[in-house]
>>> print(open('data.csv').read())   # CSV, C-alpha atoms and all ligand atoms
chain,number,residue,atom,x,y,z
J,1,MET,CA,-37.3,6.8,-0.9
J,2,GLU,CA,-35.5,4.6,-3.4
J,3,ASN,CA,-32.7,2.5,-2.0
J,4,PRO,CA,-29.5,4.2,-3.2
J,5,TRP,CA,-27.8,0.8,-3.7
J,6,GLU,CA,-29.0,-2.5,-5.1
J,7,CYS,CA,-26.0,-4.3,-3.5
J,8,ILE,CA,-23.4,-3.5,-0.9
J,9,ILE,CA,-20.2,-5.5,-0.9
J,10,ILE,CA,-18.3,-5.5,2.4
J,11,GLY,CA,-14.7,-6.1,1.6
J,12,GLY,CA,-12.7,-5.0,-1.5
J,13,GLY,CA,-10.1,-7.7,-1.8
J,14,ALA,CA,-9.9,-10.2,-4.6
J,15,ALA,CA,-13.5,-11.5,-4.1
J,16,GLY,CA,-15.1,-8.2,-3.5
J,17,LEU,CA,-13.5,-6.4,-6.4
J,18,SER,CA,-14.3,-9.2,-8.7
J,19,ALA,CA,-17.9,-9.2,-7.7
J,20,ALA,CA,-18.1,-5.4,-8.1
J,21,LEU,CA,-16.8,-5.7,-11.6
J,22,VAL,CA,-19.6,-8.0,-12.6
J,23,LEU,CA,-22.2,-5.9,-10.9
J,24,GLY,CA,-20.8,-2.7,-12.5
J,25,ARG,CA,-20.9,-4.2,-15.9
J,26,ALA,CA,-24.5,-5.2,-15.3
J,27,ARG,CA,-25.2,-1.6,-14.3
J,28,ARG,CA,-26.2,-2.5,-10.8
J,29,ARG,CA,-25.9,0.3,-8.2
J,30,THR,CA,-23.2,-1.1,-6.0
J,31,LEU,CA,-21.2,0.2,-3.0
J,32,VAL,CA,-18.0,-1.5,-2.0
J,33,VAL,CA,-16.8,-0.7,1.5
J,34,ASP,CA,-13.2,-1.8,2.1
J,35,ALA,CA,-11.0,-1.5,5.1
J,36,GLY,CA,-7.9,-2.1,2.9
J,37,GLU,CA,-6.3,-5.0,4.7
J,38,PRO,CA,-6.3,-8.0,2.2
J,39,SER,CA,-5.0,-11.1,3.8
J,40,ASN,CA,-2.0,-11.4,1.5
J,41,GLY,CA,-1.1,-7.7,1.8
J,42,VAL,CA,2.2,-8.6,3.5
J,43,ALA,CA,3.3,-11.0,0.8
J,44,GLU,CA,6.0,-10.2,-1.7
J,45,GLY,CA,4.0,-11.5,-4.6
J,46,ILE,CA,0.9,-13.5,-5.6
J,47,GLY,CA,2.0,-17.0,-6.4
J,48,GLY,CA,-0.1,-18.9,-9.0
J,49,LEU,CA,-2.6,-16.3,-10.2
J,50,LEU,CA,-2.8,-16.4,-14.0
J,51,GLY,CA,-1.9,-13.0,-15.5
J,52,HIS,CA,-0.5,-11.7,-12.2
J,53,ASP,CA,1.9,-14.5,-11.1
J,54,ARG,CA,4.5,-13.2,-8.6
J,55,GLN,CA,3.2,-9.7,-9.0
J,56,PRO,CA,2.9,-7.7,-5.7
J,57,PRO,CA,-0.6,-8.0,-4.3
J,58,GLU,CA,-1.1,-4.3,-4.2
J,59,SER,CA,-0.7,-4.1,-8.0
J,60,LEU,CA,-3.7,-6.5,-8.5
J,61,TYR,CA,-5.9,-4.6,-6.1
J,62,ARG,CA,-4.9,-1.2,-7.7
J,63,THR,CA,-5.6,-2.6,-11.2
J,64,GLY,CA,-8.9,-3.9,-10.0
J,65,ARG,CA,-9.9,-0.5,-8.5
J,66,GLU,CA,-8.8,1.2,-11.7
J,67,GLU,CA,-10.9,-1.1,-13.8
J,68,LEU,CA,-14.0,-0.4,-11.6
J,69,ALA,CA,-13.6,3.3,-12.2
J,70,ALA,CA,-15.0,2.7,-15.7
J,71,TYR,CA,-18.4,1.7,-14.3
J,72,PRO,CA,-20.4,4.7,-13.0
J,73,SER,CA,-22.9,2.6,-11.0
J,74,VAL,CA,-20.0,1.4,-8.7
J,75,GLU,CA,-18.7,3.4,-5.8
J,76,MET,CA,-15.6,2.4,-3.8
J,77,ARG,CA,-15.4,3.7,-0.3
J,78,SER,CA,-12.6,3.3,2.1
J,79,GLY,CA,-13.8,2.4,5.6
J,80,ARG,CA,-15.0,-0.4,7.8
J,81,VAL,CA,-18.5,-1.7,8.3
J,82,VAL,CA,-18.8,-1.9,12.1
J,83,ALA,CA,-22.4,-3.0,12.5
J,84,ALA,CA,-25.0,-4.8,10.3
J,85,SER,CA,-28.6,-5.8,10.7
J,86,GLY,CA,-31.6,-6.9,8.8
J,87,PRO,CA,-33.3,-7.5,6.6
J,88,ALA,CA,-35.7,-5.7,8.9
J,89,GLY,CA,-37.3,-2.3,9.5
J,90,ASP,CA,-38.5,-1.5,6.0
J,91,GLY,CA,-38.9,-5.3,5.5
J,92,GLU,CA,-36.3,-5.8,2.8
J,93,SER,CA,-33.0,-4.0,3.4
J,94,PHE,CA,-29.8,-4.8,5.2
J,95,HIS,CA,-28.7,-1.8,7.3
J,96,LEU,CA,-25.0,-1.0,7.8
J,97,GLU,CA,-23.1,1.3,10.0
J,98,LEU,CA,-19.6,2.4,8.9
J,99,ASP,CA,-16.7,3.5,11.2
J,100,ASP,CA,-17.2,7.2,10.1
J,101,GLY,CA,-20.7,7.0,11.5
J,102,SER,CA,-22.5,7.0,8.1
J,103,ARG,CA,-25.3,4.5,7.4
J,104,GLU,CA,-26.1,2.6,4.3
J,105,ARG,CA,-28.7,0.1,3.2
J,106,ALA,CA,-29.4,-2.3,0.4
J,107,PRO,CA,-31.6,-5.3,-0.4
J,108,ARG,CA,-28.6,-7.5,-1.2
J,109,LEU,CA,-25.4,-7.8,0.7
J,110,LEU,CA,-22.2,-9.6,-0.3
J,111,LEU,CA,-19.8,-10.5,2.5
J,112,ALA,CA,-16.3,-10.6,1.1
J,113,THR,CA,-14.4,-9.7,4.2
J,114,GLY,CA,-11.8,-12.5,4.0
J,115,MET,CA,-10.7,-14.3,7.1
J,116,GLN,CA,-8.1,-14.0,9.9
J,117,TYR,CA,-5.3,-16.5,9.5
J,118,ARG,CA,-4.2,-17.6,12.9
J,119,MET,CA,-0.7,-18.9,12.9
J,120,PRO,CA,1.3,-20.7,15.7
J,121,ASP,CA,2.4,-18.6,18.6
J,122,LEU,CA,6.1,-18.7,17.9
J,123,PRO,CA,8.6,-15.8,18.1
J,124,GLY,CA,9.9,-14.9,14.7
J,125,ILE,CA,6.8,-15.9,12.6
J,126,ALA,CA,5.0,-12.6,12.4
J,127,GLU,CA,7.8,-10.6,10.8
J,128,ARG,CA,8.4,-13.3,8.2
J,129,TRP,CA,4.7,-14.1,7.5
J,130,GLY,CA,3.9,-14.5,3.8
J,131,ARG,CA,7.6,-14.4,2.9
J,132,SER,CA,10.0,-17.0,4.4
J,133,VAL,CA,7.2,-18.3,6.6
J,134,PHE,CA,4.0,-19.3,4.8
J,135,HIS,CA,0.9,-21.5,5.1
J,136,CYS,CA,0.5,-22.6,1.5
J,137,PRO,CA,3.3,-24.3,-0.5
J,138,PHE,CA,1.3,-23.7,-3.7
J,139,CYS,CA,1.6,-19.9,-3.1
J,140,HIS,CA,5.2,-19.8,-1.8
J,141,GLY,CA,6.9,-23.1,-2.5
J,142,TRP,CA,8.4,-22.0,-5.8
J,143,GLU,CA,10.2,-19.1,-4.0
J,144,VAL,CA,12.0,-21.4,-1.6
J,145,ARG,CA,12.7,-24.2,-4.1
J,146,ASP,CA,16.0,-26.1,-3.8
J,147,ARG,CA,16.7,-24.6,-0.4
J,148,PRO,CA,16.6,-26.2,3.1
J,149,ILE,CA,13.0,-26.0,4.1
J,150,ALA,CA,10.8,-27.4,6.8
J,151,VAL,CA,7.2,-27.9,7.9
J,152,LEU,CA,6.3,-27.2,11.5
J,153,ASP,CA,3.5,-29.6,12.3
J,154,GLY,CA,3.3,-32.3,15.0
J,155,GLY,CA,-0.3,-33.1,14.1
J,156,PRO,CA,-1.9,-35.6,11.8
J,157,THR,CA,-1.3,-33.4,8.7
J,158,GLY,CA,2.5,-33.1,9.2
J,159,VAL,CA,3.5,-36.2,7.2
J,160,GLN,CA,1.4,-35.3,4.2
J,161,ARG,CA,2.7,-31.7,4.2
J,162,ALA,CA,6.3,-32.8,4.5
J,163,LEU,CA,5.9,-35.1,1.6
J,164,LEU,CA,4.3,-32.3,-0.3
J,165,LEU,CA,7.3,-30.0,0.3
J,166,ARG,CA,9.5,-32.5,-1.3
J,167,LEU,CA,8.1,-31.3,-4.6
J,168,TRP,CA,10.2,-28.1,-4.1
J,169,SER,CA,13.3,-29.3,-2.3
J,170,ASP,CA,15.5,-32.3,-1.6
J,171,ASP,CA,16.2,-30.9,1.9
J,172,VAL,CA,13.0,-31.1,3.8
J,173,THR,CA,12.6,-31.5,7.6
J,174,LEU,CA,9.4,-32.4,9.5
J,175,LEU,CA,9.5,-30.5,12.8
J,176,THR,CA,7.2,-32.2,15.1
J,177,ASN,CA,7.8,-29.6,17.8
J,178,GLY,CA,8.1,-32.1,20.7
J,179,ASP,CA,4.9,-33.7,19.5
J,180,GLY,CA,5.9,-36.6,17.3
J,181,ALA,CA,4.9,-39.5,19.5
J,182,ASP,CA,2.0,-40.2,17.2
J,183,LEU,CA,4.2,-40.9,14.2
J,184,GLY,CA,3.6,-44.5,13.3
J,185,ALA,CA,6.3,-46.9,12.1
J,186,ASP,CA,4.9,-46.9,8.6
J,187,GLU,CA,4.9,-43.1,8.4
J,188,ARG,CA,8.5,-42.9,9.7
J,189,THR,CA,9.5,-45.5,7.0
J,190,ARG,CA,7.8,-43.5,4.3
J,191,LEU,CA,9.4,-40.3,5.4
J,192,GLU,CA,12.8,-41.9,5.5
J,193,ARG,CA,12.3,-43.4,2.0
J,194,GLU,CA,11.3,-40.0,0.6
J,195,GLY,CA,14.4,-38.4,2.3
J,196,VAL,CA,12.5,-36.3,4.8
J,197,ILE,CA,14.3,-35.7,8.1
J,198,VAL,CA,12.2,-35.9,11.2
J,199,ASP,CA,13.3,-33.6,14.1
J,200,GLU,CA,11.2,-33.9,17.2
J,201,ARG,CA,12.7,-31.2,19.3
J,202,GLU,CA,10.7,-28.3,20.6
J,203,VAL,CA,11.0,-25.2,18.4
J,204,VAL,CA,11.3,-22.0,20.4
J,205,GLU,CA,12.3,-19.4,17.9
J,206,LEU,CA,13.1,-18.5,14.3
J,207,ARG,CA,16.4,-16.8,13.4
J,208,GLY,CA,17.4,-14.7,10.4
J,209,PRO,CA,17.8,-11.1,9.2
J,210,GLY,CA,14.7,-9.1,8.6
J,211,ASP,CA,12.0,-11.2,6.8
J,212,GLU,CA,14.5,-13.9,5.8
J,213,LEU,CA,14.9,-17.1,7.7
J,214,GLU,CA,18.2,-18.8,8.3
J,215,ALA,CA,17.5,-21.3,11.1
J,216,VAL,CA,15.0,-22.7,13.5
J,217,VAL,CA,16.1,-22.7,17.1
J,218,PHE,CA,15.3,-25.5,19.5
J,219,ALA,CA,14.6,-25.5,23.3
J,220,ASP,CA,17.9,-27.5,23.8
J,221,GLY,CA,19.8,-24.6,22.3
J,222,GLY,CA,20.5,-26.4,19.0
J,223,GLU,CA,19.6,-25.1,15.6
J,224,ARG,CA,18.6,-26.5,12.2
J,225,ARG,CA,19.3,-24.6,8.9
J,226,CYS,CA,16.0,-23.6,7.3
J,227,GLU,CA,15.2,-21.0,4.7
J,228,GLY,CA,11.5,-21.6,4.3
J,229,LEU,CA,9.0,-22.7,6.9
J,230,LEU,CA,5.5,-24.1,6.2
J,231,VAL,CA,3.2,-23.6,9.3
J,232,PRO,CA,-0.3,-24.7,10.0
J,233,VAL,CA,-3.0,-22.0,10.2
J,234,THR,CA,-6.7,-21.9,11.0
J,235,LEU,CA,-9.0,-19.4,9.5
J,236,HIS,CA,-11.4,-17.4,11.7
J,237,GLN,CA,-14.1,-14.8,11.0
J,238,ARG,CA,-12.6,-11.3,11.1
J,239,SER,CA,-15.7,-9.8,12.8
J,240,THR,CA,-19.1,-10.7,14.1
J,241,LEU,CA,-20.9,-9.2,11.1
J,242,ALA,CA,-21.9,-12.6,9.7
J,243,SER,CA,-23.2,-13.9,13.1
J,244,ASP,CA,-24.9,-10.6,13.8
J,245,LEU,CA,-26.8,-11.1,10.6
J,246,GLY,CA,-27.8,-14.6,11.6
J,247,ALA,CA,-25.7,-16.5,9.0
J,248,LEU,CA,-24.8,-20.1,9.8
J,249,THR,CA,-21.1,-21.0,10.1
J,250,GLU,CA,-19.5,-24.4,10.3
J,251,ALA,CA,-16.1,-25.8,11.4
J,252,GLY,CA,-14.0,-27.6,8.7
J,253,PRO,CA,-10.5,-28.6,8.0
J,254,ILE,CA,-9.5,-25.1,6.9
J,255,ALA,CA,-11.7,-22.7,8.9
J,256,ALA,CA,-13.0,-22.8,12.4
J,257,ASP,CA,-16.1,-20.9,11.4
J,258,ALA,CA,-16.6,-20.7,7.6
J,259,LEU,CA,-19.9,-19.3,6.4
J,260,VAL,CA,-22.2,-22.0,5.1
J,261,ILE,CA,-22.9,-21.1,1.5
J,262,ASP,CA,-24.6,-23.1,-1.3
J,263,SER,CA,-23.3,-23.6,-4.8
J,264,MET,CA,-24.8,-20.2,-5.8
J,265,PHE,CA,-23.0,-18.4,-2.9
J,266,ARG,CA,-26.2,-17.8,-0.9
J,267,THR,CA,-25.8,-17.9,2.9
J,268,SER,CA,-28.5,-19.2,5.2
J,269,VAL,CA,-30.0,-15.6,5.3
J,270,PRO,CA,-32.1,-14.6,2.3
J,271,GLY,CA,-30.5,-11.8,0.4
J,272,LEU,CA,-27.1,-12.3,2.0
J,273,PHE,CA,-24.3,-13.7,-0.2
J,274,ALA,CA,-20.7,-14.5,0.5
J,275,ALA,CA,-17.5,-15.1,-1.5
J,276,GLY,CA,-13.8,-15.6,-1.1
J,277,ASP,CA,-12.1,-17.0,2.0
J,278,ILE,CA,-15.1,-16.4,4.2
J,279,GLY,CA,-16.7,-19.6,2.7
J,280,ALA,CA,-15.2,-23.0,3.2
J,281,GLN,CA,-13.1,-22.9,0.0
J,282,MET,CA,-9.4,-23.6,-0.2
J,283,PRO,CA,-7.9,-20.1,0.2
J,284,SER,CA,-6.4,-18.7,-3.0
J,285,VAL,CA,-6.6,-15.4,-4.9
J,286,ALA,CA,-7.8,-17.3,-8.0
J,287,GLY,CA,-10.6,-18.9,-6.0
J,288,ALA,CA,-11.6,-15.6,-4.5
J,289,VAL,CA,-11.8,-13.9,-7.9
J,290,ALA,CA,-13.8,-16.8,-9.3
J,291,SER,CA,-16.3,-17.0,-6.4
J,292,GLY,CA,-16.8,-13.2,-6.3
J,293,SER,CA,-17.6,-13.2,-10.0
J,294,ALA,CA,-20.0,-16.1,-9.7
J,295,ALA,CA,-21.7,-14.7,-6.6
J,296,ALA,CA,-22.3,-11.4,-8.4
J,297,ARG,CA,-24.0,-13.1,-11.3
J,298,THR,CA,-26.3,-14.8,-8.8
J,299,ILE,CA,-27.0,-11.4,-7.2
J,300,VAL,CA,-27.9,-9.9,-10.5
J,301,HIS,CA,-30.4,-12.7,-11.2
J,302,ASP,CA,-31.7,-12.4,-7.7
J,303,LEU,CA,-32.4,-8.7,-8.0
J,304,LEU,CA,-34.2,-9.3,-11.3
J,305,VAL,CA,-36.5,-12.1,-9.8
J,306,ALA,CA,-37.4,-9.8,-6.9
J,307,ALA,CA,-38.2,-6.8,-9.1
Q,401,LIG,C1,0.3,-14.2,3.9
Q,401,LIG,C2,-0.6,-14.7,2.9
Q,401,LIG,C3,-0.1,-15.0,1.6
Q,401,LIG,C4,-0.9,-15.5,0.6
Q,401,LIG,N1,-0.3,-15.7,-0.6
Q,401,LIG,C5,-1.1,-16.2,-1.6
Q,401,LIG,C6,-0.6,-16.4,-2.9
Q,401,LIG,O1,0.6,-16.2,-3.2
Q,401,LIG,N2,-1.4,-16.9,-3.9
Q,401,LIG,C7,-2.7,-17.2,-3.6
Q,401,LIG,O2,-3.4,-17.6,-4.6
Q,401,LIG,N3,-3.3,-17.0,-2.4
Q,401,LIG,C8,-2.5,-16.5,-1.4
Q,401,LIG,N4,-3.0,-16.3,-0.2
Q,401,LIG,C9,-4.5,-16.5,0.0
Q,401,LIG,C10,-5.2,-15.3,-0.6
Q,401,LIG,O3,-4.6,-14.1,-0.2
Q,401,LIG,C11,-6.7,-15.3,-0.1
Q,401,LIG,O4,-7.3,-16.6,-0.4
Q,401,LIG,C12,-7.5,-14.2,-0.8
Q,401,LIG,O5,-6.8,-12.9,-0.7
Q,401,LIG,C13,-8.9,-14.1,-0.2
Q,401,LIG,O6,-9.5,-13.0,-0.8
Q,401,LIG,P1,-10.8,-12.3,-0.1
Q,401,LIG,O7,-11.3,-11.3,-1.0
Q,401,LIG,O8,-11.8,-13.4,0.3
Q,401,LIG,O9,-10.2,-11.7,1.2
Q,401,LIG,P2,-9.1,-10.6,1.5
Q,401,LIG,O10,-8.1,-10.6,0.4
Q,401,LIG,O11,-8.6,-10.8,2.9
Q,401,LIG,O12,-9.9,-9.2,1.4
Q,401,LIG,C14,-10.9,-8.9,2.3
Q,401,LIG,C15,-11.0,-7.4,2.4
Q,401,LIG,O13,-12.2,-7.1,3.2
Q,401,LIG,C16,-11.8,-6.0,4.1
Q,401,LIG,N5,-12.7,-6.1,5.3
Q,401,LIG,C17,-12.7,-7.0,6.3
Q,401,LIG,N6,-13.7,-6.7,7.1
Q,401,LIG,C18,-14.2,-5.5,6.7
Q,401,LIG,C19,-15.2,-4.7,7.2
Q,401,LIG,N7,-15.9,-5.0,8.4
Q,401,LIG,N8,-15.6,-3.6,6.6
Q,401,LIG,C20,-14.9,-3.2,5.4
Q,401,LIG,N9,-13.9,-4.0,4.9
Q,401,LIG,C21,-13.6,-5.1,5.5
Q,401,LIG,C22,-10.4,-6.3,4.4
Q,401,LIG,O14,-9.7,-5.1,4.9
Q,401,LIG,C23,-9.8,-6.7,3.0
Q,401,LIG,O15,-9.4,-5.6,2.3
Q,401,LIG,C24,-2.3,-15.8,0.8
Q,401,LIG,C25,-2.8,-15.5,2.1
Q,401,LIG,C26,-2.0,-15.0,3.1
Q,401,LIG,C27,-2.6,-14.8,4.5
>>> encode(input="data.csv", output="structure tokens", more="lines below")
Ligand SMILES: Cc1cc2nc3c(=O)[nH]c(=O)nc-3n(C[C@H](O)[C@H](O)[C@H](O)COP(=O)(O)OP(=O)(O)OC[C@H]3O[C@@H](n4cnc5c(N)ncnc54)[C@H](O)[C@@H]3O)c2cc1C
Amino acid sequence: MENPWECIIIGGGAAGLSAALVLGRARRRTLVVDAGEPSNGVAEGIGGLLGHDRQPPESLYRTGREELAAYPSVEMRSGRVVAASGPAGDGESFHLELDDGSRERAPRLLLATGMQYRMPDLPGIAERWGRSVFHCPFCHGWEVRDRPIAVLDGGPTGVQRALLLRLWSDDVTLLTNGDGADLGADERTRLEREGVIVDEREVVELRGPGDELEAVVFADGGERRCEGLLVPVTLHQRSTLASDLGALTEAGPIAADALVIDSMFRTSVPGLFAAGDIGAQMPSVAGAVASGSAAARTIVHDLLVAA
């Protein structure tokens, strides 16, 4: 029996939708399975995406899905892939199981599942995440410009990130969170010269109405006014799908277990491709769109070579 799909894309965020567009335009039979939880879904707007700057994330994904409707070889399906195996059995297909119990198979698979962003464990972060608390100043710095802002980072990246925040505000504090002992004299001098305040007290909570931030609260009961907070994150795989398929991962400065991919978006498993945050690239919607598009072109060529 002919394989119904030439490619299955797991994940219909920026990378997956972008890949589906290229595959659809190349008339490849493509299934996109998407659980509908893009990483920036909570954010007010997408900062820095040409053509969609500051637009709500949902409007980008809705437009993407609407554009795909023009291509009959692409099917979008809501759901979650819960198990993956192969290529095995018939010798050439990946086999997938979805959360509704259905099964699908295809000779090419694109992982575009995004990553889980793990943030510091601090009361008040979760409800402000992607708004007044953020991990990327390029995405959210503009929105808090000229206001009192801070970076929570007692580690080796804190100084650089504090200096970076100065691009957006004259009122920047480096919160070392009780961990600033490693700050060298040269670093302290540089921060002082650039007008960055260093506050070494332990932060215990964030305060402000709703998703807004007004102040960070310290263990000694004191507070510092702060309307935007940059926090460190580490990216982690959202599921075991990649490792179940045998794909190699590696730890890097951004992700604890990014998929190893080559310049053509191939993973270590033949036929298995990956795009978006799941590779070791700097997370951004523009990067995800670009990598999804490029990965799909490789897949189209790959299908042709194998035919
Ligand atoms: C809070 C926040 C705000 C951000 N703001 C910006 C910004 O302003 N500008 C910017 O450029 N970047 C921003 N980013 C980064 C940007 O959102 C990501 O780099 C980009 O969305 C990655 O796209 P992706 O397609 O790889 O993953 P995602 O957008 O995360 O999409 C992955 C999709 O795969 C689905 N999925 C996962 N597992 C499965 C499964 N097993 N089965 C089926 N579907 C699955 C998910 O539900 C999701 O819909 C932000 C990130 C965060 C966390």
>>> residues_near_ligand(input="data.csv", ligand="ligand LIG 401 (chain Q)", cutoff="7 Å", atoms="all atoms listed in the file", output="VMD selection string")
chain J and resid 10 to 16 33 to 43 45 to 49 79 to 82 112 to 115 117 129 to 130 134 139 to 140 238 to 239 275 to 278 283 to 288
>>> closest_residue(input="data.csv", among="J:Ala256, J:Leu163, J:Leu191, J:Val151", to="Asn177 in chain J", atoms="all atoms listed in the file")
J:Val151
>>> residues_around(input="data.csv", residues="Pro148 in chain J", least_positions_apart="5", cutoff="7 Å", atoms="all atoms listed in the file", output="list in words")
Asp171, Val172, Arg225, Cys226, Glu227 and Gly228 of chain J
>>> closest_residue(input="data.csv", among="J:Thr173, J:Ser59, J:Thr234, J:Ser85", to="Leu152 in chain J", atoms="all atoms listed in the file")
J:Thr173
>>> closest_residue(input="data.csv", among="J:Val159, J:Leu165, J:Val203, J:Ala126", to="Leu183 in chain J", atoms="all atoms listed in the file")
J:Val159
